[in-house]
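**Q** First the structure, which I've put down as C-alpha cells, then a few questions once you've had a look.
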Amino acid sequence: MARAKGLVIAIDGTAGTGKSSVGRAVAEKLGYGFLSTGGLYRALAYQVFAKQVDPADEKAVLETAQKMQFTFERQPDATLKMFVDGEYLGGKLHLDEVAQTASKVSTHAAARAVLTEKMRQAGRDGGIIMEGRDIGTVVFPDAEVKIYLDATAEERANRRVKQLVSKGNPADYEQILASIKERDLRDSTRAASPLKPAEDAVKIDTSNLNMSEVIEAVLKEINKYAS
Ligand code: DC
C-alpha cells in the first residue's frame with residue numbers, strides 16, 4: 001500500500017534495547033517522524049496516578065484514556081513531541097514508578113484500543129518510525145518494515161545504570177535489573193497484545209552491538225525493502 005509520506009517502520013522490543021535512540025537516529029537520516037508509543041501509556045499512567053485511579057480498575061482506566069486529547073508536534077530531531085490536553089509532560093513520564101504503572105495500565109485491552117487508535121492516526125500517512133511493543137503485530141500489522149530488538153536483561157540493566165550515572169543520578173544495578181525483569185514478564189505474558197515479534201519481523205539481538213551497528217542493521221533492512 002502506498003502511503004502519502006513514505007513507509008511505516010515498526011520497531012518493537014523489550015525495554016532498554018535502544019529502540020528509541022535507534023529509531024530517532026534512523027528517522028533523522030530518512031527525514032521521517034519518530035514516535036515513541038510508550039509515551040502514550042506513560043501519559044495514561046501519569047493521569048491515572050494524578051487522578052488517584054486504581055491501575056487495576058479496567059473501567060476507570062478506560063474512562064481516563066478516553067478523556068485524554070493527544071497532539072503531536074514534529075521536532076527538528078524527528079521526534080513527535082507529545083502533548084496531553086495541551087500540556088507537555090516531559091521528564092515526569094520517565095520516572096520508574098510511571099513506567100511500572102504504564103506496564104500495569106497497558107494490560108487492559110479496552111484502554112489499549114483507545115491508544116492504538118491515536119497511534120494509527122499519527123502514522124497513517126507513513127513517513128514514520130514508531131517504536132513500542134505491538135506496533136508490528138497490532139498497531140500497524142501492514143507496516144512495510146518491522147524490526148524487533150532484544151538484548152539480555154543484564155545488558156539492558158547495565159545500559160540503564162550508565163545512562164543514569166552519566167546524568168549524575170543514583171543507580172542501583174540489582175534494583176534496575178529486577179524492575180526490567182518484572183516489566184518484561186508483565187509485558188510479554190499479558191493477554192492483550194503481548195510483547196512478541198511479528199512473524200515477519202527482522203530480529204536483531206543488540207547485546208553485543210553498539211548503537212551505530214544497530215542503526216546500520218536497521219538501515220540495511222529498510223534499504224532492502226526500498227530496492
Ligand atoms: O517503551 P516504554 O518503556 O516507554 O513503555 C512503557 C510501558 O508501556 C511498557 O512497559 C509497556 C507499555 N507499552 C505497550 O504496552 N505497548 C506499546 N506499544 C508501548 C508501550
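Labeling convention for the C-alpha cells: chains A, B, ... as they appear, residues from 1 per chain, ligands from 1 in order of appearance.
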Skip segment 159-173 of chain A itself and residues of its chain fewer than 3 positions away, then list as an MDAnalysis selection string all residues within 12 Å of it, counting only C-alpha atoms.

**A** chainID A and resid 15:18 94:96 151:156 176:180 206:208 210:211

**Q** Using only C-alpha atoms and all ligand atoms, what are the residues with an atom within 7 Å of ligand 1, set out as a ChimeraX atom specification?

**A** /A:15,36-39,41-42,99-100,102-103,106,131-135,183,187

**Q** Taking only segment 57-185 of chain A into account, list the residues labelled alpha helix (DSSP H) by DSSP (computed from the backbone), as a count of residues only.

**A** 62

**Q** Find the spatial neighbours of Phe140 of chain A, counting only C-alpha atoms, within a cut-off of 12 Å - ignore same-chain residues fewer than 6 positions away - and output them as a PyMOL selection string.

**A** chain A and resi 7-12+116-126+128-134+146+198

**Q** Restricting it to C-alpha atoms, dump the selection as a PDB file, in the first residue's frame.

**A**
```
ATOM      1  CA  LEU A   7       6.849   3.967   4.821  1.00  0.00           C
ATOM      2  CA  VAL A   8       5.652   2.913   8.230  1.00  0.00           C
ATOM      3  CA  ILE A   9       8.598   1.362  10.061  1.00  0.00           C
ATOM      4  CA  ALA A  10       7.803  -0.554  13.242  1.00  0.00           C
ATOM      5  CA  ILE A  11      10.469  -1.062  15.898  1.00  0.00           C
ATOM      6  CA  ASP A  12       9.318  -3.300  18.737  1.00  0.00           C
ATOM      7  CA  THR A 116      -3.863   2.223  19.455  1.00  0.00           C
ATOM      8  CA  GLU A 117      -6.323   4.394  17.511  1.00  0.00           C
ATOM      9  CA  LYS A 118      -4.299   7.544  18.389  1.00  0.00           C
ATOM     10  CA  MET A 119      -1.133   5.833  17.134  1.00  0.00           C
ATOM     11  CA  ARG A 120      -2.812   4.834  13.872  1.00  0.00           C
ATOM     12  CA  GLN A 121      -3.954   8.421  13.314  1.00  0.00           C
ATOM     13  CA  ALA A 122      -0.427   9.693  13.917  1.00  0.00           C
ATOM     14  CA  GLY A 123       1.105   7.206  11.471  1.00  0.00           C
ATOM     15  CA  ARG A 124      -1.452   6.550   8.784  1.00  0.00           C
ATOM     16  CA  ASP A 125       0.197   8.750   6.115  1.00  0.00           C
ATOM     17  CA  GLY A 126       3.531   6.978   6.641  1.00  0.00           C
ATOM     18  CA  ILE A 128       7.185   7.496  10.334  1.00  0.00           C
ATOM     19  CA  ILE A 129       9.143   5.222  12.610  1.00  0.00           C
ATOM     20  CA  MET A 130       7.059   4.008  15.509  1.00  0.00           C
ATOM     21  CA  GLU A 131       8.636   2.336  18.490  1.00  0.00           C
ATOM     22  CA  GLY A 132       6.776   0.187  21.019  1.00  0.00           C
ATOM     23  CA  ARG A 133       5.725  -3.342  21.937  1.00  0.00           C
ATOM     24  CA  ASP A 134       2.933  -4.185  19.494  1.00  0.00           C
ATOM     25  CA  LYS A 146       9.263  -4.489  11.020  1.00  0.00           C
ATOM     26  CA  ALA A 198       5.611 -10.233  14.473  1.00  0.00           C
TER      27      ALA A 198
END
```

**Q** May I ask which of the residues A:Ala60, A:Ala25, A:Val145, A:Ala201 is the closest one to Asn223 of chain A, counting only C-alpha atoms?

**A**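 Nearest candidate to Asn223 of chain A out of A:Ala60, A:Ala25, A:Val145, A:Ala201: A:Val145.
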
**Q** May I ask which of the residues A:Ala109, A:Leu195, A:Met82, A:Leu185 is the closest one to Gly136 of chain A, counting only C-alpha atoms?

**A**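 Counting only C-alpha atoms, the residue closest to Gly136 of chain A is A:Leu195.
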
**Q** Just to confirm, what's the straight-line distance from atom CA of Thr79 of chain A to atom CA of Thr14 of chain A in Å (one decimal)?

**A**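 Computing the Euclidean distance for atom CA of Thr79 of chain A and atom CA of Thr14 of chain A yields 20.1 Å.
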